[in-house]
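Shown here: work-v2.csv, CSV, C-alpha atoms.
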chain,number,residue,atom,x,y,z
E,53,MET,CA,-13.3,7.2,-42.3
E,54,LYS,CA,-12.3,4.4,-39.9
E,55,ALA,CA,-12.9,4.7,-36.2
E,56,ALA,CA,-9.7,5.6,-34.3
E,57,TYR,CA,-8.5,3.9,-31.1
E,58,ALA,CA,-5.4,4.3,-28.9
E,59,PRO,CA,-3.1,1.3,-28.8
E,60,ILE,CA,-2.8,-0.6,-25.5
E,61,ARG,CA,0.7,-0.3,-24.1
E,62,ARG,CA,2.6,-3.5,-23.9
E,63,GLY,CA,3.8,-4.9,-20.6
E,64,TYR,CA,2.3,-5.5,-17.2
E,65,TYR,CA,2.8,-2.2,-15.4
E,66,ASP,CA,-0.9,-1.2,-15.7
E,67,VAL,CA,-1.9,-4.6,-14.2
E,68,PHE,CA,0.3,-4.1,-11.2
E,69,VAL,CA,-1.0,-0.5,-10.7
E,70,ALA,CA,-4.6,-1.6,-10.8
E,71,LEU,CA,-3.9,-4.4,-8.2
E,72,PHE,CA,-1.9,-1.9,-6.1
E,73,VAL,CA,-4.8,0.6,-6.0
E,74,ALA,CA,-7.5,-2.1,-5.4
E,75,PHE,CA,-5.6,-3.6,-2.5
E,76,LEU,CA,-5.0,-0.1,-1.0
E,77,LEU,CA,-8.7,0.8,-1.1
E,78,LEU,CA,-9.8,-2.5,0.3
E,79,SER,CA,-7.3,-2.4,3.1
E,80,ASN,CA,-8.4,1.1,4.0
E,81,ILE,CA,-12.0,-0.1,4.4
E,82,ALA,CA,-11.0,-3.1,6.4
E,83,ALA,CA,-8.9,-0.9,8.7
E,84,THR,CA,-12.0,0.5,10.3
E,85,LYS,CA,-12.3,-2.6,12.4
E,86,LEU,CA,-9.9,-3.4,15.3
E,87,ILE,CA,-9.2,-7.2,15.8
E,88,ASP,CA,-8.2,-8.6,19.2
E,89,VAL,CA,-6.3,-11.9,19.1
E,90,GLY,CA,-5.1,-12.8,22.6
E,91,PRO,CA,-2.7,-10.0,23.7
E,92,PHE,CA,-2.4,-8.6,20.2
E,93,ILE,CA,-4.5,-5.8,18.7
E,94,PHE,CA,-4.4,-4.9,15.1
E,95,ASP,CA,-6.7,-3.3,12.5
E,96,GLY,CA,-8.4,-5.3,9.7
E,97,GLY,CA,-6.3,-3.5,7.1
E,98,ALA,CA,-3.2,-5.4,8.4
E,99,LEU,CA,-4.6,-8.5,6.7
E,100,LEU,CA,-4.4,-7.1,3.2
E,101,PHE,CA,-2.2,-4.0,3.3
E,102,PRO,CA,1.1,-5.9,3.3
E,103,LEU,CA,0.2,-7.0,-0.3
E,104,THR,CA,0.4,-3.3,-1.4
E,105,TYR,CA,4.0,-3.4,-0.2
E,106,VAL,CA,4.6,-6.6,-2.1
E,107,ILE,CA,3.2,-5.0,-5.3
E,108,GLY,CA,5.1,-1.8,-4.5
E,109,ASP,CA,8.3,-3.8,-4.3
E,110,VAL,CA,7.5,-5.3,-7.8
E,111,LEU,CA,6.9,-1.9,-9.2
E,112,ALA,CA,10.1,-0.4,-7.7
E,113,GLU,CA,12.3,-3.4,-8.5
E,114,VAL,CA,11.1,-3.9,-12.1
E,115,TYR,CA,10.0,-0.4,-13.2
E,116,GLY,CA,12.1,2.0,-11.1
E,117,PHE,CA,11.4,4.7,-8.6
E,118,LYS,CA,9.6,7.1,-11.0
E,119,ALA,CA,7.2,4.4,-12.1
E,120,ALA,CA,6.5,3.3,-8.5
E,121,ARG,CA,6.0,7.0,-7.5
E,122,LYS,CA,3.4,7.3,-10.2
E,123,ALA,CA,1.5,4.3,-8.9
E,124,ILE,CA,1.7,5.6,-5.3
E,125,GLY,CA,0.4,9.0,-6.5
E,126,LEU,CA,-2.6,7.3,-8.3
E,127,GLY,CA,-3.3,5.3,-5.1
E,128,PHE,CA,-3.2,8.6,-3.1
E,129,ILE,CA,-5.7,10.2,-5.5
E,130,ALA,CA,-8.0,7.1,-5.5
E,131,SER,CA,-8.0,7.1,-1.7
E,132,ILE,CA,-9.1,10.8,-1.6
E,133,ILE,CA,-11.8,10.2,-4.2
E,134,ALA,CA,-13.0,7.1,-2.2
E,135,SER,CA,-13.1,9.0,1.0
E,136,ALA,CA,-15.0,11.9,-0.6
E,137,MET,CA,-17.5,9.5,-2.1
E,138,PHE,CA,-18.1,7.7,1.1
E,139,TYR,CA,-18.6,11.0,2.9
E,140,LEU,CA,-21.1,12.3,0.3
E,141,VAL,CA,-23.1,9.0,0.5
E,142,GLN,CA,-22.9,9.2,4.3
E,143,VAL,CA,-24.4,12.6,4.6
E,144,ALA,CA,-27.0,12.1,1.8
E,145,PRO,CA,-30.5,11.6,3.2
E,146,PRO,CA,-31.4,7.9,3.2
E,147,ALA,CA,-34.5,6.6,1.4
E,148,ALA,CA,-37.4,5.8,3.7
E,149,GLU,CA,-37.0,2.1,2.8
E,150,TYR,CA,-33.3,2.0,3.6
E,151,GLU,CA,-32.8,0.7,7.1
E,152,ASN,CA,-29.0,0.4,7.2
E,153,GLN,CA,-27.9,4.0,7.5
E,154,ALA,CA,-26.4,3.6,11.0
E,155,ALA,CA,-24.6,0.4,9.8
E,156,PHE,CA,-23.3,2.2,6.7
E,157,VAL,CA,-22.0,5.1,8.8
E,158,ALA,CA,-20.4,2.8,11.4
E,159,VAL,CA,-18.5,0.8,8.7
E,160,LEU,CA,-17.9,3.2,5.8
E,161,GLY,CA,-18.5,6.6,7.4
E,162,VAL,CA,-15.7,9.0,6.9
E,163,VAL,CA,-13.8,10.2,9.9
E,164,PRO,CA,-11.5,13.0,8.6
E,165,ARG,CA,-8.9,12.2,11.2
E,166,PHE,CA,-8.5,8.6,10.2
E,167,VAL,CA,-8.5,9.5,6.5
E,168,PHE,CA,-5.7,12.0,7.2
E,169,ALA,CA,-3.8,9.5,9.2
E,170,SER,CA,-4.1,6.9,6.6
E,171,LEU,CA,-3.0,9.2,3.8
E,172,CYS,CA,-0.1,10.5,5.7
E,173,GLY,CA,1.2,7.0,6.7
E,174,TYR,CA,0.6,5.7,3.2
E,175,ILE,CA,2.4,8.4,1.2
E,176,VAL,CA,5.4,8.5,3.5
E,177,GLY,CA,5.7,4.7,3.9
E,178,GLN,CA,5.2,3.8,0.3
E,179,LEU,CA,7.6,6.5,-1.0
E,180,LEU,CA,10.2,5.4,1.5
E,181,ASN,CA,9.7,1.7,0.5
E,182,ALA,CA,10.2,2.5,-3.2
E,183,TYR,CA,13.1,4.9,-2.6
E,184,VAL,CA,15.1,2.5,-0.2
E,185,LEU,CA,14.6,-0.4,-2.6
E,186,THR,CA,15.8,1.4,-5.7
E,187,TRP,CA,18.6,3.2,-3.7
E,188,ILE,CA,20.0,-0.2,-2.7
E,189,LYS,CA,19.5,-1.7,-6.2
E,190,ASN,CA,21.3,1.2,-7.8
E,191,ARG,CA,24.4,0.4,-5.7
E,192,TRP,CA,24.3,-3.4,-5.6
E,193,GLY,CA,22.7,-4.1,-9.0
E,194,GLU,CA,20.6,-7.3,-9.3
E,195,LYS,CA,22.4,-9.1,-6.4
E,196,HIS,CA,20.9,-9.5,-2.9
E,197,LEU,CA,17.2,-9.0,-3.9
E,198,TRP,CA,16.2,-10.3,-0.4
E,199,ALA,CA,18.1,-7.5,1.3
E,200,ARG,CA,16.4,-4.7,-0.6
E,201,LEU,CA,13.0,-6.3,-0.3
E,202,VAL,CA,13.3,-6.7,3.5
E,203,GLY,CA,15.2,-3.5,4.1
E,204,SER,CA,12.7,-1.4,2.2
E,205,THR,CA,9.8,-3.0,3.9
E,206,VAL,CA,11.2,-2.5,7.4
E,207,VAL,CA,11.7,1.2,6.7
E,208,GLY,CA,8.4,1.8,4.9
E,209,GLU,CA,6.2,-0.2,7.1
E,210,PHE,CA,7.7,1.2,10.3
E,211,MET,CA,7.0,4.8,9.2
E,212,ASP,CA,3.6,4.0,7.8
E,213,THR,CA,2.5,2.2,10.9
E,214,ILE,CA,3.8,4.7,13.5
E,215,ILE,CA,2.4,7.7,11.6
E,216,PHE,CA,-1.0,6.2,11.2
E,217,CYS,CA,-1.3,4.9,14.7
E,218,VAL,CA,-0.2,8.1,16.4
E,219,VAL,CA,-2.3,10.5,14.1
E,220,ALA,CA,-5.4,8.3,14.2
E,221,TRP,CA,-5.5,7.2,17.8
E,222,TYR,CA,-3.7,9.9,19.9
E,223,GLY,CA,-6.2,11.1,22.5
E,224,VAL,CA,-8.7,8.4,21.6
E,225,VAL,CA,-7.0,5.4,23.2
E,226,SER,CA,-4.1,5.1,25.8
E,227,TRP,CA,-0.5,5.3,24.8
E,228,GLY,CA,-0.2,1.7,25.8
E,229,THR,CA,-2.8,0.7,23.2
E,230,ILE,CA,-1.1,3.0,20.6
E,231,LEU,CA,2.2,1.3,21.2
E,232,ASN,CA,0.5,-2.1,21.1
E,233,LEU,CA,-1.2,-1.2,17.8
E,234,THR,CA,2.1,0.1,16.3
E,235,ALA,CA,4.3,-2.8,17.4
E,236,THR,CA,1.8,-5.5,16.5
E,237,GLY,CA,0.8,-3.9,13.2
E,238,PHE,CA,4.4,-3.3,12.2
E,239,ALA,CA,5.6,-6.8,13.2
E,240,PHE,CA,2.6,-8.5,11.5
E,241,LYS,CA,3.1,-6.6,8.2
E,242,VAL,CA,6.8,-7.3,8.1
E,243,ILE,CA,6.3,-11.0,9.0
E,244,VAL,CA,3.7,-11.3,6.3
E,245,GLU,CA,5.9,-9.8,3.6
E,246,ILE,CA,8.9,-12.0,4.7
E,247,ALA,CA,6.6,-15.0,4.5
E,248,LEU,CA,5.6,-13.9,1.0
E,249,LEU,CA,9.2,-13.5,-0.2
E,250,PRO,CA,9.0,-16.7,-2.3
E,251,VAL,CA,5.9,-15.3,-4.0
E,252,THR,CA,7.5,-11.9,-4.4
E,253,TYR,CA,10.6,-13.5,-5.9
E,254,ALA,CA,8.6,-15.5,-8.3
E,255,VAL,CA,6.5,-12.5,-9.5
E,256,ILE,CA,9.6,-10.3,-9.8
E,257,ASN,CA,11.6,-12.9,-11.8
E,258,TRP,CA,8.6,-13.7,-14.0
E,259,THR,CA,7.9,-10.0,-14.7
E,260,LYS,CA,11.6,-9.3,-15.5
E,261,LYS,CA,11.6,-12.2,-17.9
E,262,ASN,CA,8.4,-11.3,-19.6
E,263,GLU,CA,8.4,-7.5,-19.5
E,264,PRO,CA,9.4,-6.1,-22.9
E,265,GLY,CA,12.4,-3.9,-22.6
E,266,TYR,CA,13.4,-4.7,-19.0
E,267,GLY,CA,16.9,-3.5,-18.4
E,268,VAL,CA,16.8,-0.9,-21.2
E,269,VAL,CA,16.2,2.0,-18.8
E,270,GLU,CA,18.7,2.3,-16.0
E,271,ASN,CA,18.3,4.0,-12.6
E,272,ALA,CA,14.7,5.0,-13.5

File written out as structure tokens:
Amino acid sequence: MKAAYAPIRRGYYDVFVALFVAFLLLSNIAATKLIDVGPFIFDGGALLFPLTYVIGDVLAEVYGFKAARKAIGLGFIASIIASAMFYLVQVAPPAAEYENQAAFVAVLGVVPRFVFASLCGYIVGQLLNAYVLTWIKNRWGEKHLWARLVGSTVVGEFMDTIIFCVVAWYGVVSWGTILNLTATGFAFKVIVEIALLPVTYAVINWTKKNEPGYGVVENA
């Protein structure tokens, strides 16, 4: 009897989901550090997190809201698993030879409030981003791609940033700092995605051209 294997699904959806989840997890780790550049304050996650919205745009534009929602759900589950793993490693007794326990806790130690803030901002922002993009596309069709990319980003990033900053930092830093973090983080993320529009356009057009069956399913 021959060994049995499952076939690999054709297309690039799985590749985009893997990149989406990887960028999400990396940006969550980087977000533990605040960066001060002149009058601006932003967390390290702002350097990479916009790319999750770029990929989220590709997922929603090419594969539809249901497929994007699945990827967002997988990212949500992966974030919970990562937080649980970091917490278990954090509280596990360090070996006598291990001298970096304090550093590990400082960088990767789980703070439930920040995990909750990150998850709330992420799930709301990403779902809104995907929903707004597909809502516009269902009404305008393939025209005006720039409008749905920018419009969905503005809505999604705004809600993501404001939810995270308020939940994570309320009572820890002043309202002035929270407003600075929110405004700077939001502006930075939107500017980055707008700057990356040519890349997003290229990836979306390439994927539409090479994805088997694109256009077969409508209003997904």

_So, with all atoms listed in the file as the atoms that count, which of E:Ala58, E:Ile124, E:Val202, E:Val73 lies closest to Ile188 in chain E?_
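Closest residue, counting all atoms listed in the file: E:Val202.
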
*What does the distance from CA of Gly125 in chain E to CA of Leu179 in chain E come to in Å, to one decimal?*
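Calculated distance between CA of Gly125 in chain E and CA of Leu179 in chain E is 9.4 Å.
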
Give me the residues of range 189-211 of chain E that have any atom at most 7 Å from an atom of range 236-243 of chain E; for each, the nearest atom pair and the distance in Å, rounded to one decimal. Use only C-alpha atoms, sort by chain and number, and format it as CSV.
residue,atom,partner,partner_atom,distance
E:Thr205,CA,E:Val242,CA,6.7
E:Val206,CA,E:Val242,CA,6.5
E:Glu209,CA,E:Phe238,CA,6.2
E:Phe210,CA,E:Phe238,CA,5.9

*How many Å separate CA of Asn181 in chain E from CA of Gly208 in chain E?*
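Separating CA of Asn181 in chain E from CA of Gly208 in chain E is a distance of 4.6 Å.
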
How close does range 181-230 of chain E get to range 96-118 of chain E? List, as a Markdown table, each residue of range 181-230 of chain E within 8 Å, its nearest atom pair and the distance in Å to one decimal, counting only C-alpha atoms.
| residue | atom | partner | partner_atom | distance |
| --- | --- | --- | --- | --- |
| E:Asn181 | CA | E:Asp109 | CA | 7.4 |
| E:Ala182 | CA | E:Ala112 | CA | 5.4 |
| E:Tyr183 | CA | E:Phe117 | CA | 6.2 |
| E:Leu185 | CA | E:Ala112 | CA | 6.8 |
| E:Thr186 | CA | E:Phe117 | CA | 6.2 |
| E:Lys189 | CA | E:Glu113 | CA | 7.7 |
| E:Leu201 | CA | E:Asp109 | CA | 6.7 |
| E:Thr205 | CA | E:Tyr105 | CA | 7.1 |

*Would you mind listing what lies within 7 Å of Gln142 in chain E as a list in words, with all atoms listed in the file counted and same-chain residues fewer than 2 positions away left out?*
Phe138, Tyr139, Leu140, Ala144, Val157 and Gly161 of chain E

*Closest to Pro91 in chain E among E:Asn232, E:Phe166, E:Trp192, E:Trp187, using only C-alpha atoms?*
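Nearest to Pro91 in chain E: E:Asn232.
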
*Out of E:Leu126, E:Leu197, E:Gln153, E:Ala148, which residue has the shortest atom-to-atom distance to Leu71 in chain E when counting only C-alpha atoms?*
E:Leu126

_Two-atom distance - CA of Gly267 in chain E, CA of Glu194 in chain E (Å)_ =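 Result for CA of Gly267 in chain E versus CA of Glu194 in chain E: 10.5 Å, one decimal.
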
*Long-range neighbours of Thr234 in chain E as an NGL selection string, 10 Å cut-off, all atoms listed in the file, 6 positions minimum in chain*: :E and (93-94 or 210-218 or 228 or 240)

*Could you tell me which of E:Glu263, E:Glu151, E:Asp88, E:Glu245 comes closest to Val67 in chain E if we count only C-alpha atoms?*
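Among the listed residues, the smallest separation from Val67 in chain E belongs to E:Glu263.
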
*Find the residue from E:Ile230, E:Val159, E:Val244, E:Leu77 that sits nearest to Ile129 in chain E; use only C-alpha atoms when measuring.*
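Of E:Ile230, E:Val159, E:Val244, E:Leu77, the one nearest Ile129 in chain E is E:Leu77, counting only C-alpha atoms.
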
_From E:Ala82, E:Cys172, E:Arg62, E:Ser135, residue lying nearest Asn262 in chain E [all atoms listed in the file]_ = E:Arg62

When you get a chance, write out N, CA, C and O atoms for range 84-103 of chain E, as a PDB file, in the coordinates of the input.
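Contents of rebuild21.pdb, as written:
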ATOM      1  N   THR E  84     -11.093  -0.106   9.345  1.00  0.00           N
ATOM      2  CA  THR E  84     -12.000   0.500  10.300  1.00  0.00           C
ATOM      3  C   THR E  84     -12.388  -0.399  11.441  1.00  0.00           C
ATOM      4  O   THR E  84     -13.000   0.039  12.409  1.00  0.00           O
ATOM      5  N   LYS E  85     -11.995  -1.671  11.349  1.00  0.00           N
ATOM      6  CA  LYS E  85     -12.300  -2.600  12.400  1.00  0.00           C
ATOM      7  C   LYS E  85     -10.996  -2.989  13.151  1.00  0.00           C
ATOM      8  O   LYS E  85      -9.987  -3.328  12.523  1.00  0.00           O
ATOM      9  N   LEU E  86     -11.029  -2.959  14.491  1.00  0.00           N
ATOM     10  CA  LEU E  86      -9.900  -3.400  15.300  1.00  0.00           C
ATOM     11  C   LEU E  86     -10.161  -4.911  15.639  1.00  0.00           C
ATOM     12  O   LEU E  86     -11.274  -5.308  15.992  1.00  0.00           O
ATOM     13  N   ILE E  87      -9.113  -5.713  15.515  1.00  0.00           N
ATOM     14  CA  ILE E  87      -9.200  -7.200  15.800  1.00  0.00           C
ATOM     15  C   ILE E  87      -8.355  -7.482  16.997  1.00  0.00           C
ATOM     16  O   ILE E  87      -7.203  -7.049  17.099  1.00  0.00           O
ATOM     17  N   ASP E  88      -8.924  -8.225  17.909  1.00  0.00           N
ATOM     18  CA  ASP E  88      -8.200  -8.600  19.200  1.00  0.00           C
ATOM     19  C   ASP E  88      -7.986 -10.092  19.134  1.00  0.00           C
ATOM     20  O   ASP E  88      -8.920 -10.891  19.155  1.00  0.00           O
ATOM     21  N   VAL E  89      -6.710 -10.473  19.081  1.00  0.00           N
ATOM     22  CA  VAL E  89      -6.300 -11.900  19.100  1.00  0.00           C
ATOM     23  C   VAL E  89      -5.391 -12.087  20.297  1.00  0.00           C
ATOM     24  O   VAL E  89      -4.201 -11.771  20.207  1.00  0.00           O
ATOM     25  N   GLY E  90      -5.915 -12.589  21.399  1.00  0.00           N
ATOM     26  CA  GLY E  90      -5.100 -12.800  22.600  1.00  0.00           C
ATOM     27  C   GLY E  90      -4.588 -11.417  23.077  1.00  0.00           C
ATOM     28  O   GLY E  90      -5.356 -10.466  23.247  1.00  0.00           O
ATOM     29  N   PRO E  91      -3.263 -11.282  23.276  1.00  0.00           N
ATOM     30  CA  PRO E  91      -2.700 -10.000  23.700  1.00  0.00           C
ATOM     31  C   PRO E  91      -2.468  -9.002  22.622  1.00  0.00           C
ATOM     32  O   PRO E  91      -2.045  -7.886  22.883  1.00  0.00           O
ATOM     33  N   PHE E  92      -2.762  -9.416  21.387  1.00  0.00           N
ATOM     34  CA  PHE E  92      -2.400  -8.600  20.200  1.00  0.00           C
ATOM     35  C   PHE E  92      -3.681  -7.859  19.718  1.00  0.00           C
ATOM     36  O   PHE E  92      -4.770  -8.420  19.652  1.00  0.00           O
ATOM     37  N   ILE E  93      -3.486  -6.605  19.325  1.00  0.00           N
ATOM     38  CA  ILE E  93      -4.500  -5.800  18.700  1.00  0.00           C
ATOM     39  C   ILE E  93      -4.038  -5.260  17.400  1.00  0.00           C
ATOM     40  O   ILE E  93      -2.953  -4.683  17.336  1.00  0.00           O
ATOM     41  N   PHE E  94      -4.797  -5.465  16.341  1.00  0.00           N
ATOM     42  CA  PHE E  94      -4.400  -4.900  15.100  1.00  0.00           C
ATOM     43  C   PHE E  94      -5.686  -4.590  14.268  1.00  0.00           C
ATOM     44  O   PHE E  94      -6.764  -5.118  14.564  1.00  0.00           O
ATOM     45  N   ASP E  95      -5.556  -3.690  13.292  1.00  0.00           N
ATOM     46  CA  ASP E  95      -6.700  -3.300  12.500  1.00  0.00           C
ATOM     47  C   ASP E  95      -6.862  -4.289  11.312  1.00  0.00           C
ATOM     48  O   ASP E  95      -5.897  -4.936  10.899  1.00  0.00           O
ATOM     49  N   GLY E  96      -8.081  -4.363  10.778  1.00  0.00           N
ATOM     50  CA  GLY E  96      -8.400  -5.300   9.700  1.00  0.00           C
ATOM     51  C   GLY E  96      -7.534  -5.048   8.446  1.00  0.00           C
ATOM     52  O   GLY E  96      -7.309  -5.964   7.649  1.00  0.00           O
ATOM     53  N   GLY E  97      -7.075  -3.827   8.265  1.00  0.00           N
ATOM     54  CA  GLY E  97      -6.300  -3.500   7.100  1.00  0.00           C
ATOM     55  C   GLY E  97      -4.947  -4.261   7.085  1.00  0.00           C
ATOM     56  O   GLY E  97      -4.349  -4.457   6.022  1.00  0.00           O
ATOM     57  N   ALA E  98      -4.483  -4.684   8.265  1.00  0.00           N
ATOM     58  CA  ALA E  98      -3.200  -5.400   8.400  1.00  0.00           C
ATOM     59  C   ALA E  98      -3.256  -6.736   7.623  1.00  0.00           C
ATOM     60  O   ALA E  98      -2.218  -7.298   7.273  1.00  0.00           O
ATOM     61  N   LEU E  99      -4.473  -7.258   7.378  1.00  0.00           N
ATOM     62  CA  LEU E  99      -4.600  -8.500   6.700  1.00  0.00           C
ATOM     63  C   LEU E  99      -4.278  -8.416   5.203  1.00  0.00           C
ATOM     64  O   LEU E  99      -3.804  -9.374   4.579  1.00  0.00           O
ATOM     65  N   LEU E 100      -4.526  -7.256   4.618  1.00  0.00           N
ATOM     66  CA  LEU E 100      -4.400  -7.100   3.200  1.00  0.00           C
ATOM     67  C   LEU E 100      -3.323  -6.050   2.807  1.00  0.00           C
ATOM     68  O   LEU E 100      -2.677  -6.161   1.765  1.00  0.00           O
ATOM     69  N   PHE E 101      -3.125  -5.062   3.672  1.00  0.00           N
ATOM     70  CA  PHE E 101      -2.200  -4.000   3.300  1.00  0.00           C
ATOM     71  C   PHE E 101      -0.812  -4.415   2.997  1.00  0.00           C
ATOM     72  O   PHE E 101      -0.172  -3.803   2.134  1.00  0.00           O
ATOM     73  N   PRO E 102      -0.273  -5.479   3.647  1.00  0.00           N
ATOM     74  CA  PRO E 102       1.100  -5.900   3.300  1.00  0.00           C
ATOM     75  C   PRO E 102       1.212  -6.234   1.786  1.00  0.00           C
ATOM     76  O   PRO E 102       2.297  -6.099   1.212  1.00  0.00           O
ATOM     77  N   LEU E 103       0.116  -6.662   1.154  1.00  0.00           N
ATOM     78  CA  LEU E 103       0.200  -7.000  -0.300  1.00  0.00           C
ATOM     79  C   LEU E 103       0.449  -5.743  -1.117  1.00  0.00           C
ATOM     80  O   LEU E 103       1.018  -5.843  -2.207  1.00  0.00           O
TER      81      LEU E 103
END
